[in-house]
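Peer 1: If you scroll down you'll find the structure; I have some questions about it.
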Amino acid sequence: MHLSNESLLVILFVGIVAGWLAGRVMEGGGFGLIGDLIVGLLGAFIGNWLLPRLGIHLGVGLVAAIVNAFIGAVVLLLVLRLIGGGFGRRRWSV
């Protein structure tokens, strides 16, 4: 598999946008540029694996790729919050 520089930039752009959007929707402040990129890229893999198995096909193009990665990133953040107990956020009531 050969990726051109343009393809790599599109993948990075999709990952950053999807990770940033997922961080905003999931009541988080995001994880910074690198953290959002990682969440978005992993989300893209999860979305590409999960959505076809659920019978959901979003189409092709940049917007479909961002929505797909966003859905996968939200699923990833939900799983991480379930495992990690909210990413270390503890609400103490006195």
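Just so we're on the same page: first chain in the structure tokens is A, next is B, and so on; residues restart at 1 for each chain, and ligands are numbered from 1 in the order they show up.
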What are the closest atom pairs, with distances in Å to one decimal, for each residue of range 11-37 of chain A lying within 10 Å of range 57-74 of chain A, using only C-alpha atoms, rows by chain and rising residue number, as JSON lines?

Peer 2:
```
{"residue": "A:Ile11", "atom": "CA", "partner": "A:Ala65", "partner_atom": "CA", "distance": 9.0}
{"residue": "A:Phe13", "atom": "CA", "partner": "A:Ile66", "partner_atom": "CA", "distance": 8.9}
{"residue": "A:Val14", "atom": "CA", "partner": "A:Ile66", "partner_atom": "CA", "distance": 5.4}
{"residue": "A:Gly15", "atom": "CA", "partner": "A:Ala69", "partner_atom": "CA", "distance": 7.0}
{"residue": "A:Ile16", "atom": "CA", "partner": "A:Ile66", "partner_atom": "CA", "distance": 9.3}
{"residue": "A:Val17", "atom": "CA", "partner": "A:Ile66", "partner_atom": "CA", "distance": 7.0}
{"residue": "A:Ala18", "atom": "CA", "partner": "A:Phe70", "partner_atom": "CA", "distance": 4.4}
{"residue": "A:Gly19", "atom": "CA", "partner": "A:Ala73", "partner_atom": "CA", "distance": 6.3}
{"residue": "A:Trp20", "atom": "CA", "partner": "A:Phe70", "partner_atom": "CA", "distance": 8.8}
{"residue": "A:Leu21", "atom": "CA", "partner": "A:Phe70", "partner_atom": "CA", "distance": 6.8}
{"residue": "A:Ala22", "atom": "CA", "partner": "A:Val74", "partner_atom": "CA", "distance": 5.4}
{"residue": "A:Gly23", "atom": "CA", "partner": "A:Val74", "partner_atom": "CA", "distance": 8.0}
{"residue": "A:Val25", "atom": "CA", "partner": "A:Val74", "partner_atom": "CA", "distance": 8.1}
{"residue": "A:Met26", "atom": "CA", "partner": "A:Val74", "partner_atom": "CA", "distance": 7.2}
{"residue": "A:Asp36", "atom": "CA", "partner": "A:Ala73", "partner_atom": "CA", "distance": 9.3}
```

Peer 1: How many Å lie between CA of Ala44 in chain A and CA of Leu76 in chain A, rounded to one decimal?

Peer 2: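 Computing it gives 9.9 Å between the two atoms.
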
Peer 1: Enter the distance from CA of Leu8 in chain A to CA of Asn48 in chain A, in Å, rounded to one decimal.

Peer 2: 17.1 Å

Peer 1: Out of A:Phe45, A:Leu37, A:Val75, A:Pro52, which residue has the shortest atom-to-atom distance to Leu9 in chain A when counting only C-alpha atoms?

Peer 2: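 The closest residue to Leu9 in chain A is A:Leu37.
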
Peer 1: Between A:Arg24, A:Ile56, A:Leu12, A:Leu77, single out the one closest to Gly43 in chain A, counting only C-alpha atoms.

Peer 2: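 Closest to Gly43 in chain A of all the choices is A:Leu77.
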
Peer 1: I'd like the interatomic distance between CA of Trp49 in chain A and CA of Asn5 in chain A, to a tenth of an Å.

Peer 2: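 Going from CA of Trp49 in chain A over to CA of Asn5 in chain A, I get 24.5 Å.
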